[in-house]
$ cat protein25.cif   # mmCIF, C-alpha atoms and all ligand atoms
data_query
loop_
_atom_site.label_atom_id
_atom_site.label_comp_id
_atom_site.auth_asym_id
_atom_site.auth_seq_id
_atom_site.Cartn_x
_atom_site.Cartn_y
_atom_site.Cartn_z
CA MET A 1 3.20 3.49 -22.39
CA THR A 2 4.89 3.44 -25.76
CA GLU A 3 6.17 0.19 -27.24
CA ALA A 4 9.66 1.13 -26.05
CA ALA A 5 8.60 0.95 -22.39
CA PRO A 6 10.41 -1.74 -20.39
CA LEU A 7 8.55 -4.48 -18.56
CA PHE A 8 7.48 -3.13 -15.14
CA PRO A 9 8.38 0.58 -15.57
CA ALA A 10 9.42 1.75 -12.09
CA THR A 11 8.40 5.11 -10.69
CA ILE A 12 7.74 6.89 -7.39
CA ALA A 13 4.53 8.31 -5.93
CA GLY A 14 6.05 11.77 -6.18
CA SER A 15 7.71 13.51 -3.27
CA LEU A 16 11.29 13.12 -2.04
CA PRO A 17 13.12 14.62 0.96
CA LYS A 18 14.38 18.15 0.44
CA PRO A 19 18.11 18.47 1.13
CA GLY A 20 18.96 20.42 4.29
CA TRP A 21 20.45 23.28 2.26
CA LEU A 22 17.12 23.77 0.46
CA ALA A 23 14.59 23.53 3.29
CA GLU A 24 13.97 22.22 6.79
CA THR A 25 14.17 18.43 6.81
CA HIS A 26 11.65 15.81 8.03
CA LYS A 27 8.74 18.20 7.57
CA LEU A 28 5.75 18.12 5.26
CA TRP A 29 5.52 21.91 5.16
CA PRO A 30 9.16 23.02 5.63
CA GLN A 31 10.53 26.55 5.66
CA TRP A 32 12.95 27.36 2.81
CA ARG A 33 16.59 27.85 3.81
CA ALA A 34 17.30 30.49 1.18
CA GLU A 35 15.47 33.25 -0.60
CA GLY A 36 15.37 35.11 -3.90
CA ALA A 37 17.77 33.99 -6.61
CA ASP A 38 19.60 31.67 -4.19
CA LEU A 39 16.37 29.80 -3.46
CA GLU A 40 15.56 29.49 -7.16
CA GLU A 41 19.02 28.04 -7.82
CA ALA A 42 18.77 25.68 -4.83
CA LYS A 43 15.42 24.32 -6.08
CA ARG A 44 16.95 23.52 -9.46
CA ASP A 45 20.06 21.96 -7.89
CA ALA A 46 17.92 19.74 -5.67
CA THR A 47 15.73 18.72 -8.61
CA LEU A 48 18.81 17.76 -10.59
CA LEU A 49 20.26 15.82 -7.67
CA TRP A 50 17.14 13.67 -7.34
CA LEU A 51 16.87 13.19 -11.10
CA ARG A 52 20.35 11.65 -11.04
CA GLU A 53 19.50 9.51 -7.96
CA GLN A 54 16.39 8.17 -9.71
CA GLU A 55 18.40 7.42 -12.87
CA ALA A 56 21.15 5.71 -10.87
CA ALA A 57 18.52 3.61 -9.09
CA GLY A 58 17.28 2.45 -12.49
CA LEU A 59 13.85 4.05 -12.32
CA ASP A 60 12.02 4.63 -15.60
CA ILE A 61 9.51 7.44 -15.02
CA LEU A 62 11.17 10.27 -13.11
CA CYS A 63 9.72 13.01 -10.91
CA ASP A 64 10.97 16.36 -9.60
CA GLY A 65 10.40 15.10 -6.04
CA GLU A 66 8.43 18.32 -5.35
CA MET A 67 11.72 20.21 -4.78
CA SER A 68 10.18 23.52 -5.87
CA ARG A 69 7.08 23.50 -3.65
CA GLN A 70 6.73 23.62 0.10
CA HIS A 71 3.68 21.36 0.22
CA PHE A 72 1.89 19.19 -2.31
CA VAL A 73 -1.39 21.09 -2.04
CA HIS A 74 -0.29 24.58 -1.04
CA GLY A 75 2.41 24.63 -3.74
CA PHE A 76 -0.47 24.86 -6.19
CA VAL A 77 -2.82 27.00 -4.07
CA GLU A 78 -0.07 29.65 -3.72
CA ASN A 79 -0.61 30.55 -7.36
CA VAL A 80 -4.37 30.92 -7.18
CA ALA A 81 -6.21 34.24 -6.83
CA GLY A 82 -9.44 34.33 -4.83
CA ILE A 83 -7.70 32.91 -1.76
CA ASP A 84 -6.90 34.67 1.49
CA ARG A 85 -3.69 33.14 2.80
CA ALA A 86 -3.12 35.77 5.48
CA ASN A 87 -6.08 34.78 7.65
CA LYS A 88 -5.96 31.01 7.90
CA VAL A 89 -8.55 29.07 9.84
CA GLU A 90 -8.31 25.72 11.61
CA ILE A 91 -10.48 22.95 10.20
CA GLY A 92 -10.58 19.18 10.34
CA ILE A 93 -9.41 17.73 7.04
CA ARG A 94 -9.71 14.22 5.49
CA ASP A 95 -12.99 13.64 7.34
CA ASN A 96 -11.49 15.11 10.52
CA ARG A 97 -8.46 12.85 10.56
CA TYR A 98 -6.19 15.88 11.12
CA LYS A 99 -6.58 19.46 12.20
CA ALA A 100 -4.87 21.95 9.94
CA MET A 101 -4.58 25.70 9.52
CA VAL A 102 -5.80 26.31 6.00
CA PRO A 103 -6.28 29.33 3.71
CA ARG A 104 -9.79 30.61 2.91
CA VAL A 105 -11.47 30.80 -0.48
CA VAL A 106 -12.96 34.31 -0.59
CA GLY A 107 -13.52 34.99 -4.30
CA LYS A 108 -13.59 33.53 -7.79
CA LEU A 109 -10.64 31.15 -8.18
CA GLU A 110 -8.18 31.96 -10.97
CA LEU A 111 -4.58 31.03 -11.74
CA THR A 112 -2.34 34.06 -11.40
CA GLY A 113 0.07 32.60 -13.97
CA ARG A 114 1.75 29.24 -14.37
CA ALA A 115 1.68 27.30 -11.09
CA HIS A 116 4.85 25.49 -12.22
CA PRO A 117 6.47 27.79 -14.77
CA TRP A 118 9.85 26.06 -15.22
CA GLU A 119 9.69 22.61 -13.64
CA GLY A 120 8.35 20.60 -16.59
CA ALA A 121 10.76 22.10 -19.10
CA PHE A 122 13.64 21.71 -16.64
CA LEU A 123 12.93 17.99 -16.18
CA ARG A 124 12.59 17.55 -19.95
CA ALA A 125 15.92 19.28 -20.58
CA ASN A 126 17.77 17.21 -17.98
CA THR A 127 16.79 13.60 -18.61
CA SER A 128 16.03 11.47 -21.62
CA ARG A 129 13.80 9.16 -19.56
CA LYS A 130 10.06 9.59 -19.20
CA ILE A 131 8.99 12.29 -16.79
CA LYS A 132 5.98 12.54 -14.53
CA PHE A 133 4.61 15.64 -12.87
CA THR A 134 2.29 15.48 -9.87
CA LEU A 135 -0.53 17.90 -9.06
CA PRO A 136 -2.99 17.75 -6.17
CA GLY A 137 -6.40 16.41 -7.19
CA PRO A 138 -9.48 18.65 -7.11
CA MET A 139 -11.16 16.90 -4.17
CA THR A 140 -7.97 16.94 -2.12
CA ILE A 141 -7.36 20.67 -2.73
CA MET A 142 -10.97 21.47 -1.87
CA ASP A 143 -10.60 19.46 1.36
CA THR A 144 -7.43 21.41 2.29
CA VAL A 145 -8.95 24.91 2.09
CA SER A 146 -11.91 26.55 3.80
CA ASP A 147 -14.56 27.77 1.35
CA HIS A 148 -16.30 31.08 2.08
CA TYR A 149 -17.36 31.86 -1.50
CA TYR A 150 -18.76 28.94 -3.54
CA GLY A 151 -20.89 27.60 -0.69
CA ASP A 152 -20.66 24.04 -1.93
CA ARG A 153 -17.85 21.47 -1.73
CA VAL A 154 -18.50 20.03 -5.18
CA LYS A 155 -18.58 23.45 -6.87
CA THR A 156 -15.35 24.43 -5.13
CA ALA A 157 -13.67 21.21 -6.25
CA PHE A 158 -14.76 21.73 -9.87
CA ALA A 159 -13.50 25.33 -9.79
CA PHE A 160 -10.08 23.97 -8.77
CA ALA A 161 -10.37 21.26 -11.46
CA ASP A 162 -10.59 23.96 -14.15
CA LEU A 163 -7.38 25.59 -12.88
CA LEU A 164 -5.63 22.22 -12.64
CA ASN A 165 -6.64 21.53 -16.23
CA GLN A 166 -5.08 24.82 -17.34
CA GLU A 167 -1.79 23.95 -15.63
CA ALA A 168 -1.86 20.30 -16.74
CA ARG A 169 -2.24 21.31 -20.40
CA ALA A 170 0.72 23.66 -20.05
CA LEU A 171 2.84 20.93 -18.40
CA GLN A 172 1.96 18.59 -21.24
CA ALA A 173 3.17 21.26 -23.69
CA ASP A 174 6.42 21.44 -21.68
CA GLY A 175 7.03 17.78 -22.58
CA VAL A 176 5.75 15.99 -19.49
CA ASP A 177 4.85 12.33 -20.28
CA VAL A 178 2.66 11.53 -17.29
CA ILE A 179 0.47 13.89 -15.28
CA GLN A 180 -0.57 12.48 -11.92
CA PHE A 181 -3.25 13.86 -9.66
CA ASP A 182 -2.80 13.10 -5.97
CA GLU A 183 -6.14 12.31 -4.38
CA PRO A 184 -5.54 11.02 -0.84
CA ALA A 185 -8.98 12.51 -0.01
CA PHE A 186 -10.61 9.68 -2.02
CA ASN A 187 -9.82 7.35 0.89
CA ALA A 188 -11.51 9.64 3.40
CA TYR A 189 -14.62 10.22 1.29
CA THR A 190 -14.99 6.98 -0.61
CA ARG A 191 -18.63 7.41 -1.65
CA GLN A 192 -18.12 11.00 -2.81
CA ALA A 193 -15.05 9.83 -4.74
CA ALA A 194 -17.31 7.58 -6.81
CA ASP A 195 -20.22 10.08 -6.91
CA TRP A 196 -18.33 13.12 -8.17
CA GLY A 197 -14.60 12.94 -7.34
CA ILE A 198 -13.79 11.01 -10.50
CA GLU A 199 -15.84 13.46 -12.61
CA ALA A 200 -13.83 16.30 -11.08
CA LEU A 201 -10.66 14.43 -12.08
CA HIS A 202 -12.03 14.10 -15.60
CA ARG A 203 -12.47 17.87 -15.67
CA ALA A 204 -8.84 18.31 -14.57
CA MET A 205 -7.68 15.85 -17.29
CA ASP A 206 -9.86 17.26 -20.05
CA GLY A 207 -8.06 17.45 -23.40
CA LEU A 208 -4.83 15.80 -22.17
CA THR A 209 -3.25 13.35 -24.59
CA CYS A 210 -0.34 12.39 -22.32
CA THR A 211 -0.65 9.53 -19.84
CA THR A 212 -2.78 10.39 -16.81
CA ALA A 213 -2.54 8.92 -13.32
CA VAL A 214 -4.21 9.16 -9.97
CA HIS A 215 -2.40 8.49 -6.70
CA ILE A 216 -4.51 7.37 -3.77
CA CYS A 217 -2.94 6.22 -0.56
CA TYR A 218 -3.07 5.81 3.19
CA GLY A 219 -0.67 8.70 3.56
CA TYR A 220 2.79 9.43 4.80
CA GLY A 221 4.21 7.61 7.81
CA ILE A 222 3.36 10.49 10.14
CA GLN A 223 1.86 9.96 13.60
CA ALA A 224 -1.72 11.05 12.76
CA ASN A 225 -1.78 8.55 9.92
CA ILE A 226 -0.31 5.72 11.95
CA GLU A 227 -3.05 6.24 14.56
CA TRP A 228 -5.76 6.41 11.90
CA LYS A 229 -4.53 3.18 10.30
CA ARG A 230 -4.75 1.44 13.69
CA MET A 231 -8.49 2.18 13.69
CA LEU A 232 -9.08 0.72 10.24
CA GLY A 233 -9.04 -2.89 11.35
CA SER A 234 -7.29 -5.90 9.90
CA GLU A 235 -8.40 -5.33 6.30
CA TRP A 236 -8.38 -1.95 4.60
CA ARG A 237 -11.22 -2.13 2.10
CA GLN A 238 -11.75 1.61 1.39
CA TYR A 239 -10.59 1.21 -2.21
CA GLU A 240 -13.45 -1.20 -2.84
CA ASP A 241 -15.98 1.67 -2.76
CA PHE A 242 -14.56 3.55 -5.71
CA PHE A 243 -12.20 1.25 -7.66
CA PRO A 244 -15.08 -0.04 -9.83
CA ALA A 245 -15.85 3.59 -10.82
CA LEU A 246 -12.15 4.29 -11.38
CA ALA A 247 -11.93 1.21 -13.62
CA LYS A 248 -14.59 2.83 -15.86
CA SER A 249 -12.88 6.25 -15.77
CA ARG A 250 -10.56 7.79 -18.37
CA VAL A 251 -7.56 7.75 -15.99
CA ASP A 252 -4.76 5.56 -17.40
CA GLN A 253 -2.89 4.67 -14.21
CA VAL A 254 -4.04 4.13 -10.63
CA SER A 255 -1.67 3.81 -7.69
CA LEU A 256 -2.28 1.96 -4.47
CA GLU A 257 -0.19 0.87 -1.55
CA CYS A 258 0.74 -2.75 -1.25
CA ALA A 259 4.00 -3.13 0.74
CA ASN A 260 3.30 -3.85 4.44
CA SER A 261 -0.27 -2.83 3.81
CA ARG A 262 -3.53 -4.29 5.03
CA VAL A 263 -5.12 -3.52 1.67
CA PRO A 264 -6.31 -6.94 0.42
CA PRO A 265 -4.31 -7.43 -2.81
CA ASP A 266 -7.31 -8.90 -4.61
CA LEU A 267 -8.83 -5.38 -4.67
CA MET A 268 -6.40 -4.68 -7.52
CA ALA A 269 -8.55 -6.95 -9.68
CA LEU A 270 -11.26 -4.25 -9.47
CA LEU A 271 -9.03 -2.05 -11.64
CA ALA A 272 -9.28 -4.29 -14.72
CA GLY A 273 -8.04 -2.44 -17.81
CA LYS A 274 -5.97 0.10 -15.89
CA GLN A 275 -2.23 0.32 -15.47
CA VAL A 276 -1.61 -0.17 -11.77
CA MET A 277 1.17 1.57 -9.85
CA VAL A 278 1.78 -0.98 -7.13
CA GLY A 279 3.35 0.36 -3.93
CA VAL A 280 6.24 -2.00 -3.24
CA ILE A 281 8.14 0.39 -0.94
CA ASP A 282 6.71 1.23 2.49
CA VAL A 283 7.03 4.90 3.40
CA ALA A 284 6.06 4.40 7.05
CA THR A 285 9.17 2.50 8.14
CA ASP A 286 12.86 3.35 8.32
CA ARG A 287 13.74 -0.17 7.27
CA VAL A 288 14.94 -0.49 3.68
CA GLU A 289 13.24 -3.25 1.72
CA THR A 290 15.47 -5.91 0.21
CA PRO A 291 15.23 -6.38 -3.57
CA GLU A 292 13.81 -9.87 -2.86
CA GLU A 293 11.00 -8.36 -0.79
CA VAL A 294 10.21 -5.94 -3.60
CA LEU A 295 10.14 -8.86 -6.02
CA ALA A 296 7.80 -10.78 -3.69
CA THR A 297 5.35 -7.84 -3.56
CA ILE A 298 5.44 -7.57 -7.36
CA GLU A 299 4.70 -11.31 -7.57
CA THR A 300 1.71 -10.91 -5.24
CA ALA A 301 0.37 -8.09 -7.41
CA LEU A 302 0.88 -10.17 -10.56
CA GLN A 303 -1.88 -12.48 -9.34
CA PHE A 304 -4.32 -9.62 -9.94
CA VAL A 305 -2.65 -7.26 -12.44
CA PRO A 306 -1.49 -8.31 -15.94
CA ARG A 307 2.29 -8.09 -16.36
CA ASP A 308 2.08 -5.43 -19.07
CA LYS A 309 0.06 -3.16 -16.76
CA LEU A 310 2.15 -3.27 -13.57
CA LEU A 311 4.35 -0.34 -12.52
CA PRO A 312 6.35 -0.89 -9.31
CA ALA A 313 6.24 2.28 -7.18
CA THR A 314 6.45 3.64 -3.65
CA ASN A 315 3.35 3.45 -1.43
CA CYS A 316 3.30 7.24 -1.06
CA GLY A 317 5.73 10.15 -1.05
CA LEU A 318 9.13 9.88 0.64
CA ALA A 319 9.29 13.57 1.66
CA PRO A 320 9.46 13.20 5.47
CA LEU A 321 12.24 10.58 5.44
CA ASP A 322 16.00 10.99 5.83
CA ARG A 323 17.54 11.80 2.52
CA SER A 324 19.92 8.82 2.64
CA LEU A 325 17.07 6.48 3.60
CA ALA A 326 14.98 7.70 0.66
CA ALA A 327 17.93 7.15 -1.69
CA ALA A 328 18.35 3.60 -0.34
CA LYS A 329 14.63 2.93 -0.86
CA LEU A 330 14.89 4.16 -4.48
CA LYS A 331 17.73 1.68 -5.00
CA ALA A 332 15.66 -1.14 -3.50
CA LEU A 333 12.80 -0.23 -5.85
CA GLY A 334 15.13 -0.30 -8.86
CA GLU A 335 16.87 -3.53 -7.81
CA GLY A 336 13.65 -5.36 -7.01
CA THR A 337 12.20 -4.30 -10.35
CA ARG A 338 15.31 -5.61 -12.09
CA LEU A 339 14.86 -8.99 -10.36
CA ALA A 340 11.24 -9.08 -11.51
CA ARG A 341 12.27 -8.30 -15.09
CA GLU A 342 14.82 -11.11 -15.03
CA LYS A 343 12.27 -13.54 -13.63
CA PHE A 344 9.37 -12.63 -15.92
CA ALA A 345 11.15 -11.55 -19.13
ZN ZN B 1 0.30 9.38 -0.95
#
$ encode --input "protein25.cif" --output "structure tokens"
Amino acid sequence: MTEAAPLFPATIAGSLPKPGWLAETHKLWPQWRAEGADLEEAKRDATLLWLREQEAAGLDILCDGEMSRQHFVHGFVENVAGIDRANKVEIGIRDNRYKAMVPRVVGKLELTGRAHPWEGAFLRANTSRKIKFTLPGPMTIMDTVSDHYYGDRVKTAFAFADLLNQEARALQADGVDVIQFDEPAFNAYTRQAADWGIEALHRAMDGLTCTTAVHICYGYGIQANIEWKRMLGSEWRQYEDFFPALAKSRVDQVSLECANSRVPPDLMALLAGKQVMVGVIDVATDRVETPEEVLATIETALQFVPRDKLLPATNCGLAPLDRSLAAAKLKALGEGTRLAREKFA
């Protein structure tokens, strides 16, 4: 953060609901409603709409809400050669938490061009606030494809990390202030996250001078996740396995979920030295938080995170929610942050 940054810069995890005129709603992998030039225009219109909503809500670090990609992993994978997307196979992903039809890696992985050719520059041209761009992390991409070429999960992840690095450097040149890698797979493979996942992230971040972030979470509020969370017991301590390694990493910001979560808040203390994106908005409920509830969650986090390192955020992406509900949750995030600023200024 520069010296001009406000106390508690507010941001979102990344995704937002696509308007019904852009794509199917309430889906994590929706079909587009338009094609060709109409689709390109609709993606830009939707990006602009959410930029204005985030500004109106008083957020400080703005995202494109993933308006130009169908899915947070496959939006990147679409632009990679060496992948057979026509003959998908079903595998268990996130340590078998879900079954998914995934594309196969069948050759050397290479970017076919920019994965996100216009998005960074478009955000930069349309807001004077800080902008963040999210990319899937190397472990999470690897875990969402089926490898038939590299023969090794770590090698496959590092091959993706090189491509992510290429795109991340280009996004930085477009004027992006924060590049965030989404690594929900860290929670499914906590030991591997510490053993090599963070090194793969370092490869993806190599040479970046902008702010870097990693988003880890317990996922969207979809049924498979709700059932998985029921099995995790009264305390969710997964973060404990790799937060000490993340604290020593070169990543600037780490996100975690906090609102309505069974993650013990004292685990945040394991991230000493990092900026912490604290999830103060639950994505798994249709109830909108009150600003006072957001303030209370920020106050809980302040017991473990220094005030100059706390960024109020959403627990995860808002993509599957109703558009109006997501807008209301953005407002609650902004209002609660404003209360915290007044209280702790
Ligand atoms: Zn998430």
$ residues_near_ligand --input "protein25.cif" --ligand "ligand ZN 1 (chain B)" --cutoff "12 Å" --atoms "all atoms listed in the file" --output "ChimeraX atom specification"
/A:12-16,72-73,134-137,140,180-187,214-222,225,254-257,277,279,281-284,313-320
$ write_last_selection --input "protein25.cif" --atoms "C-alpha atoms" --output "PDB file, in the coordinates of the input"
ATOM      1  CA  ILE A  12       7.740   6.890  -7.390  1.00  0.00           C
ATOM      2  CA  ALA A  13       4.530   8.310  -5.930  1.00  0.00           C
ATOM      3  CA  GLY A  14       6.050  11.770  -6.180  1.00  0.00           C
ATOM      4  CA  SER A  15       7.710  13.510  -3.270  1.00  0.00           C
ATOM      5  CA  LEU A  16      11.290  13.120  -2.040  1.00  0.00           C
ATOM      6  CA  PHE A  72       1.890  19.190  -2.310  1.00  0.00           C
ATOM      7  CA  VAL A  73      -1.390  21.090  -2.040  1.00  0.00           C
ATOM      8  CA  THR A 134       2.290  15.480  -9.870  1.00  0.00           C
ATOM      9  CA  LEU A 135      -0.530  17.900  -9.060  1.00  0.00           C
ATOM     10  CA  PRO A 136      -2.990  17.750  -6.170  1.00  0.00           C
ATOM     11  CA  GLY A 137      -6.400  16.410  -7.190  1.00  0.00           C
ATOM     12  CA  THR A 140      -7.970  16.940  -2.120  1.00  0.00           C
ATOM     13  CA  GLN A 180      -0.570  12.480 -11.920  1.00  0.00           C
ATOM     14  CA  PHE A 181      -3.250  13.860  -9.660  1.00  0.00           C
ATOM     15  CA  ASP A 182      -2.800  13.100  -5.970  1.00  0.00           C
ATOM     16  CA  GLU A 183      -6.140  12.310  -4.380  1.00  0.00           C
ATOM     17  CA  PRO A 184      -5.540  11.020  -0.840  1.00  0.00           C
ATOM     18  CA  ALA A 185      -8.980  12.510  -0.010  1.00  0.00           C
ATOM     19  CA  PHE A 186     -10.610   9.680  -2.020  1.00  0.00           C
ATOM     20  CA  ASN A 187      -9.820   7.350   0.890  1.00  0.00           C
ATOM     21  CA  VAL A 214      -4.210   9.160  -9.970  1.00  0.00           C
ATOM     22  CA  HIS A 215      -2.400   8.490  -6.700  1.00  0.00           C
ATOM     23  CA  ILE A 216      -4.510   7.370  -3.770  1.00  0.00           C
ATOM     24  CA  CYS A 217      -2.940   6.220  -0.560  1.00  0.00           C
ATOM     25  CA  TYR A 218      -3.070   5.810   3.190  1.00  0.00           C
ATOM     26  CA  GLY A 219      -0.670   8.700   3.560  1.00  0.00           C
ATOM     27  CA  TYR A 220       2.790   9.430   4.800  1.00  0.00           C
ATOM     28  CA  GLY A 221       4.210   7.610   7.810  1.00  0.00           C
ATOM     29  CA  ILE A 222       3.360  10.490  10.140  1.00  0.00           C
ATOM     30  CA  ASN A 225      -1.780   8.550   9.920  1.00  0.00           C
ATOM     31  CA  VAL A 254      -4.040   4.130 -10.630  1.00  0.00           C
ATOM     32  CA  SER A 255      -1.670   3.810  -7.690  1.00  0.00           C
ATOM     33  CA  LEU A 256      -2.280   1.960  -4.470  1.00  0.00           C
ATOM     34  CA  GLU A 257      -0.190   0.870  -1.550  1.00  0.00           C
ATOM     35  CA  MET A 277       1.170   1.570  -9.850  1.00  0.00           C
ATOM     36  CA  GLY A 279       3.350   0.360  -3.930  1.00  0.00           C
ATOM     37  CA  ILE A 281       8.140   0.390  -0.940  1.00  0.00           C
ATOM     38  CA  ASP A 282       6.710   1.230   2.490  1.00  0.00           C
ATOM     39  CA  VAL A 283       7.030   4.900   3.400  1.00  0.00           C
ATOM     40  CA  ALA A 284       6.060   4.400   7.050  1.00  0.00           C
ATOM     41  CA  ALA A 313       6.240   2.280  -7.180  1.00  0.00           C
ATOM     42  CA  THR A 314       6.450   3.640  -3.650  1.00  0.00           C
ATOM     43  CA  ASN A 315       3.350   3.450  -1.430  1.00  0.00           C
ATOM     44  CA  CYS A 316       3.300   7.240  -1.060  1.00  0.00           C
ATOM     45  CA  GLY A 317       5.730  10.150  -1.050  1.00  0.00           C
ATOM     46  CA  LEU A 318       9.130   9.880   0.640  1.00  0.00           C
ATOM     47  CA  ALA A 319       9.290  13.570   1.660  1.00  0.00           C
ATOM     48  CA  PRO A 320       9.460  13.200   5.470  1.00  0.00           C
TER      49      PRO A 320
END
$ axis_aligned_box --input "protein25.cif" --around "stretch 184-201 of chain A" --padding-each-side "5 Å" --output "JSON"
{"center_x": -12.9, "center_y": 11.6, "center_z": -4.6, "size_x": 24.7, "size_y": 19.3, "size_z": 26.0}
$ closest_residue --input "protein25.cif" --among "A:Ile83, A:Met67, A:Leu339, A:Ile226" --to "A:Val106" --atoms "all atoms listed in the file"
A:Ile83
$ residues_around --input "protein25.cif" --residues "A:Phe242" --least-positions-apart "5" --cutoff "8 Å" --atoms "all atoms listed in the file" --output "list in words"
Thr190, Arg191, Ala193 and Ala194 of chain A
$ residues_near_point --input "protein25.cif" --point "(-18.4, 21.7, -8.4)" --cutoff "6 Å" --atoms "all atoms listed in the file" --output "ChimeraX atom specification"
/A:154-158
$ residues_around --input "protein25.cif" --residues "A:Arg323" --least-positions-apart "5" --cutoff "10 Å" --atoms "all atoms listed in the file" --output "compact mmCIF listing (two decimals) with C-alpha atoms, keeping the file's coordinate frame"
# COMPACT_ATOMS: atom_id res chain seq x y z
CA LEU A 16 11.29 13.12 -2.04
CA PRO A 17 13.12 14.62 0.96
CA LYS A 18 14.38 18.15 0.44
CA PRO A 19 18.11 18.47 1.13
CA GLY A 20 18.96 20.42 4.29
CA THR A 25 14.17 18.43 6.81
CA HIS A 26 11.65 15.81 8.03
CA LEU A 318 9.13 9.88 0.64
CA ALA A 328 18.35 3.60 -0.34
CA LYS A 329 14.63 2.93 -0.86
$ atom_distance --input "protein25.cif" --atom1 "atom CA of A:Tyr239" --atom2 "atom CA of A:Ile141"
19.7 Å
$ atom_distance --input "protein25.cif" --atom1 "atom CA of A:Leu164" --atom2 "atom CA of A:Pro138"
7.6 Å
$ closest_residue --input "protein25.cif" --among "A:Phe304, A:Leu270, A:His71, A:Arg169" --to "A:Lys27" --atoms "all atoms listed in the file"
A:His71
$ closest_residue --input "protein25.cif" --among "A:Val176, A:Met139, A:Val280, A:Val294" --to "A:Asp64" --atoms "only C-alpha atoms"
A:Val176
$ closest_residue --input "protein25.cif" --among "A:Ala173, A:Ala168, A:Leu48, A:Val145" --to "A:Leu123" --atoms "only C-alpha atoms"
A:Leu48
$ residues_around --input "protein25.cif" --residues "stretch 244-249 of chain A" --least-positions-apart "4" --cutoff "10 Å" --atoms "only C-alpha atoms" --output "number ranges by chain"
A: 193-195, 197-199, 201-202, 214, 239-240, 253-254, 267, 269-275
$ atom_distance --input "protein25.cif" --atom1 "atom CA of A:Asp60" --atom2 "atom CA of A:Ala42"
24.6 Å
$ closest_residue --input "protein25.cif" --among "A:Met205, A:Leu59, A:Leu49, A:Ala188" --to "A:Ala161" --atoms "only C-alpha atoms"
A:Met205
$ closest_residue --input "protein25.cif" --among "A:Thr211, A:Thr285, A:Thr290, A:Thr337" --to "A:Leu321" --atoms "all atoms listed in the file"
A:Thr285
$ closest_atom_pairs --input "protein25.cif" --of "stretch 212-238 of chain A" --to "stretch 87-105 of chain A" --cutoff "10 Å" --atoms "all atoms listed in the file" --output "CSV"
residue,atom,partner,partner_atom,distance
A:Ala224,CA,A:Tyr98,CA,6.8
A:Asn225,CA,A:Arg97,CA,8.0
A:Glu227,CA,A:Arg97,CA,9.4
A:Trp228,CA,A:Arg97,CA,7.1
$ residues_around --input "protein25.cif" --residues "A:Leu325" --least-positions-apart "6" --cutoff "9 Å" --atoms "all atoms listed in the file" --output "PDB file with C-alpha atoms, in the coordinates of the input"
ATOM      1  CA  ASP A 286      12.860   3.350   8.320  1.00  0.00           C
ATOM      2  CA  ARG A 287      13.740  -0.170   7.270  1.00  0.00           C
ATOM      3  CA  VAL A 288      14.940  -0.490   3.680  1.00  0.00           C
TER       4      VAL A 288
END
$ residues_around --input "protein25.cif" --residues "stretch 128-130 of chain A" --least-positions-apart "2" --cutoff "10 Å" --atoms "all atoms listed in the file" --output "JSON, numbers by chain"
{"A": [1, 5, 9, 11, 51, 55, 59, 60, 61, 62, 63, 123, 124, 125, 126, 132, 175, 176, 177, 178]}
$ decode --input "protein25.cif" --residues "stretch 145-176 of chain A" --atoms "C-alpha atoms" --output "PDB file, in the first residue's frame"
ATOM      1  CA  VAL A 145      -7.147 -30.435 -15.129  1.00  0.00           C
ATOM      2  CA  SER A 146      -6.161 -34.023 -15.834  1.00  0.00           C
ATOM      3  CA  ASP A 147      -2.468 -34.408 -16.697  1.00  0.00           C
ATOM      4  CA  HIS A 148      -1.497 -36.894 -19.413  1.00  0.00           C
ATOM      5  CA  TYR A 149       1.843 -35.314 -20.337  1.00  0.00           C
ATOM      6  CA  TYR A 150       4.039 -34.132 -17.428  1.00  0.00           C
ATOM      7  CA  GLY A 151       3.394 -37.233 -15.329  1.00  0.00           C
ATOM      8  CA  ASP A 152       3.824 -35.348 -12.074  1.00  0.00           C
ATOM      9  CA  ARG A 153       1.507 -32.966 -10.211  1.00  0.00           C
ATOM     10  CA  VAL A 154       4.302 -30.662  -9.068  1.00  0.00           C
ATOM     11  CA  LYS A 155       5.835 -30.370 -12.549  1.00  0.00           C
ATOM     12  CA  THR A 156       2.414 -29.622 -14.031  1.00  0.00           C
ATOM     13  CA  ALA A 157       1.776 -26.927 -11.435  1.00  0.00           C
ATOM     14  CA  PHE A 158       5.150 -25.282 -12.102  1.00  0.00           C
ATOM     15  CA  ALA A 159       4.495 -25.352 -15.857  1.00  0.00           C
ATOM     16  CA  PHE A 160       1.266 -23.418 -15.204  1.00  0.00           C
ATOM     17  CA  ALA A 161       3.161 -21.091 -12.836  1.00  0.00           C
ATOM     18  CA  ASP A 162       5.449 -20.026 -15.705  1.00  0.00           C
ATOM     19  CA  LEU A 163       2.432 -19.126 -17.860  1.00  0.00           C
ATOM     20  CA  LEU A 164       0.765 -17.295 -14.971  1.00  0.00           C
ATOM     21  CA  ASN A 165       3.959 -15.315 -14.495  1.00  0.00           C
ATOM     22  CA  GLN A 166       3.928 -14.282 -18.155  1.00  0.00           C
ATOM     23  CA  GLU A 167       0.340 -13.037 -17.872  1.00  0.00           C
ATOM     24  CA  ALA A 168       0.884 -11.426 -14.453  1.00  0.00           C
ATOM     25  CA  ARG A 169       3.827  -9.381 -15.759  1.00  0.00           C
ATOM     26  CA  ALA A 170       1.691  -8.195 -18.671  1.00  0.00           C
ATOM     27  CA  LEU A 171      -1.181  -7.248 -16.318  1.00  0.00           C
ATOM     28  CA  GLN A 172       1.261  -5.298 -14.189  1.00  0.00           C
ATOM     29  CA  ALA A 173       2.372  -3.419 -17.325  1.00  0.00           C
ATOM     30  CA  ASP A 174      -1.319  -2.663 -18.008  1.00  0.00           C
ATOM     31  CA  GLY A 175      -1.400  -0.734 -14.716  1.00  0.00           C
ATOM     32  CA  VAL A 176      -2.836  -3.320 -12.334  1.00  0.00           C
TER      33      VAL A 176
END
